[in-house]
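Everything on this sheet refers to the single structure shown next.
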Amino acid sequence: MLMADAAEPRAGGVDRKAVEVAVGVLIQSDGRFLLTSRPTGKVYQGYWEFPGGKLEQGESVERALRRELREEIGIIAGTVHPWKVEMVDYPHALVRLNFCKVFDWTGELQMHEGQSFSWQNLPVTVQPILPGTIPVLQWFAQERGSSGLGALLHG
């Protein structure tokens, strides 16, 4: 489990329940991937992450991801490929990030929450990066034959 901002107290204490989150890793044919900034007013505002959001009651990861991508960035996902799961302990919440790769979608990107977006490659050129995003960059580096955090983050 990844612990973000380890020196900060944990809201809800040690017995808090994990929040299920569906995360879309959109990848273009040239290998670039989409990062979006967290909107103003949200925890970690301005940090860069992969789009997605919380599962609603009774919702599957795929259904939640499709809904979140439509609501947040205005696209309709094609095939959703479940990829990896990572637990992240943030001061405000314990989250289980269900990462899914998406290689095809329809529609043009529309940032419905006022966020910014950037198509990136390794090393990423946007900062700061949300802690829960770092494992994905590490997985990409392994898949693509890079190594070390320096190869992942530029700046």
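Chains: A, B, ... in order of the structure tokens. Residues: from 1 per chain. Ligands: from 1, in order shown.
By only C-alpha atoms, and with residues fewer than 5 positions from Glu86 in chain A along its chain excluded, the set lying at most 10 Å from it is Met1, Leu2, Val95, Arg96, Leu97, Asn98, Phe99, Gly132, Thr133, Pro135 and Val136 of chain A.
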**OP:** Would you mind listing what lies within 8 Å of Trp48 in chain A as a list in words, with only C-alpha atoms counted and same-chain residues fewer than 3 positions away left out?
**Re:**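 Result of the neighbour search: Leu35, Thr36, Ser37, Arg38, Val126, Gln127, Pro128, Ile129, Leu130 and Thr133 of chain A.
Within the 12 Å cut-off around Lys54 in chain A, using only C-alpha atoms and omitting residues fewer than 3 positions from it on the same chain, the listed residues are A:Ala18, A:Val19, A:Glu20, A:Val21, A:Ala22, A:Val23, A:Gly24, A:Pro51, A:Gln57, A:Gly58, A:Glu59, A:Ser60, A:Val61, A:Glu62, A:Arg63, A:Ala64, A:Leu65, A:Arg66, A:Arg67, A:Glu68, A:Leu69, A:Ala93, A:Leu94, A:Val95, A:Arg96, A:Leu97, A:Asn98.
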Can you list, as a PDB file with C-alpha atoms, in the first residue's frame, every residue of range 30-133 of chain A that DSSP puts in strand (DSSP E or B)?
ATOM      1  CA  PHE A  33      -1.453   8.862 -22.085  1.00  0.00           C
ATOM      2  CA  LEU A  34      -3.946  11.389 -20.755  1.00  0.00           C
ATOM      3  CA  LEU A  35      -3.432  13.208 -17.470  1.00  0.00           C
ATOM      4  CA  THR A  36      -5.937  15.704 -16.088  1.00  0.00           C
ATOM      5  CA  SER A  37      -5.573  18.217 -13.274  1.00  0.00           C
ATOM      6  CA  TRP A  48      -2.183  15.755 -12.125  1.00  0.00           C
ATOM      7  CA  GLU A  49      -3.886  12.373 -12.261  1.00  0.00           C
ATOM      8  CA  GLY A  52     -11.982   8.616 -12.983  1.00  0.00           C
ATOM      9  CA  GLY A  53     -13.965   8.620  -9.791  1.00  0.00           C
ATOM     10  CA  LYS A  54     -15.789   6.810  -7.014  1.00  0.00           C
ATOM     11  CA  ILE A  76     -17.573   7.472 -24.490  1.00  0.00           C
ATOM     12  CA  ALA A  77     -15.080   4.708 -23.690  1.00  0.00           C
ATOM     13  CA  VAL A  80     -12.294  -1.162 -20.949  1.00  0.00           C
ATOM     14  CA  HIS A  81      -9.311  -3.371 -20.040  1.00  0.00           C
ATOM     15  CA  PRO A  82      -8.974  -3.969 -16.258  1.00  0.00           C
ATOM     16  CA  TRP A  83      -5.259  -3.605 -15.507  1.00  0.00           C
ATOM     17  CA  LYS A  84      -4.024  -3.214 -11.931  1.00  0.00           C
ATOM     18  CA  VAL A  85      -5.315  -2.345  -8.463  1.00  0.00           C
ATOM     19  CA  GLU A  86      -3.434  -0.171  -5.971  1.00  0.00           C
ATOM     20  CA  MET A  87      -4.368   0.868  -2.426  1.00  0.00           C
ATOM     21  CA  VAL A  88      -3.428   4.424  -1.507  1.00  0.00           C
ATOM     22  CA  ASP A  89      -3.693   5.784   2.013  1.00  0.00           C
ATOM     23  CA  LEU A  94      -8.166   5.271   1.998  1.00  0.00           C
ATOM     24  CA  VAL A  95      -8.763   4.495  -1.684  1.00  0.00           C
ATOM     25  CA  ARG A  96      -8.627   1.356  -3.791  1.00  0.00           C
ATOM     26  CA  LEU A  97      -7.704   2.517  -7.280  1.00  0.00           C
ATOM     27  CA  ASN A  98      -8.963   0.148  -9.984  1.00  0.00           C
ATOM     28  CA  PHE A  99      -6.871   1.099 -13.030  1.00  0.00           C
ATOM     29  CA  CYS A 100      -8.228   0.230 -16.464  1.00  0.00           C
ATOM     30  CA  LYS A 101      -6.554   0.820 -19.804  1.00  0.00           C
ATOM     31  CA  VAL A 102      -8.695   2.376 -22.531  1.00  0.00           C
ATOM     32  CA  TRP A 105     -13.123   6.133 -27.314  1.00  0.00           C
ATOM     33  CA  THR A 106     -15.481   8.449 -29.156  1.00  0.00           C
ATOM     34  CA  PHE A 117      -5.557  18.043 -19.629  1.00  0.00           C
ATOM     35  CA  SER A 118      -2.279  17.002 -21.178  1.00  0.00           C
ATOM     36  CA  TRP A 119      -1.214  14.067 -23.362  1.00  0.00           C
ATOM     37  CA  GLN A 120       2.023  12.835 -21.823  1.00  0.00           C
ATOM     38  CA  VAL A 124       5.961  13.470 -17.702  1.00  0.00           C
ATOM     39  CA  ILE A 129       1.747  14.509  -9.755  1.00  0.00           C
TER      40      ILE A 129
END
Original post:
What is the CA of Glu143 in chain A-CA of Asp104 in chain A distance in Å, reported with one decimal?
Top reply: 19.6 Å
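When DSSP is run on the backbone, the residues of range 84-138 of chain A that fall into helix (DSSP H, G or I) are Pro131, Gly132, Thr133, Ile134, Pro135, Val136, Leu137 and Gln138 of chain A.
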**OP:** Identify, on the basis of only C-alpha atoms, every residue whose closest approach to Gln110 in chain A does not exceed 8 Å; exclude the query and any residue fewer than 4 positions from it along the same chain; express the result as an MDAnalysis selection string.
**Re:** chainID A and resid 72:75
**OP:** For Pro91 in chain A, please output as number ranges by chain all residues within 7 Å (counting only C-alpha atoms; exclusion window: fewer than 5 positions along the same chain).
**Re:** A: 5, 8-11
N, CA and C atoms of the current selection, written as a PDB file, in the first residue's frame:
ATOM      1  N   ASP A   5       1.662  11.454   1.946  1.00  0.00           N
ATOM      2  CA  ASP A   5       1.802  12.433   3.024  1.00  0.00           C
ATOM      3  C   ASP A   5       1.748  11.746   4.394  1.00  0.00           C
ATOM      4  N   GLU A   8       0.995  13.283   7.871  1.00  0.00           N
ATOM      5  CA  GLU A   8      -0.316  13.876   8.154  1.00  0.00           C
ATOM      6  C   GLU A   8      -1.226  12.874   8.869  1.00  0.00           C
ATOM      7  N   PRO A   9      -2.121  13.370   9.764  1.00  0.00           N
ATOM      8  CA  PRO A   9      -3.077  12.465  10.408  1.00  0.00           C
ATOM      9  C   PRO A   9      -4.073  11.912   9.393  1.00  0.00           C
ATOM     10  N   ARG A  10      -4.602  10.745   9.676  1.00  0.00           N
ATOM     11  CA  ARG A  10      -5.563  10.070   8.802  1.00  0.00           C
ATOM     12  C   ARG A  10      -6.987  10.372   9.257  1.00  0.00           C
ATOM     13  N   ALA A  11      -7.802  10.971   8.386  1.00  0.00           N
ATOM     14  CA  ALA A  11      -9.209  11.225   8.703  1.00  0.00           C
ATOM     15  C   ALA A  11      -9.915   9.885   8.849  1.00  0.00           C
TER      16      ALA A  11
END
Subject >> One-decimal distance in Å that lies between CA of Arg144 in chain A and CA of Ser116 in chain A >> reply: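 Calculated distance between CA of Ser116 in chain A and CA of Arg144 in chain A is 26.0 Å.
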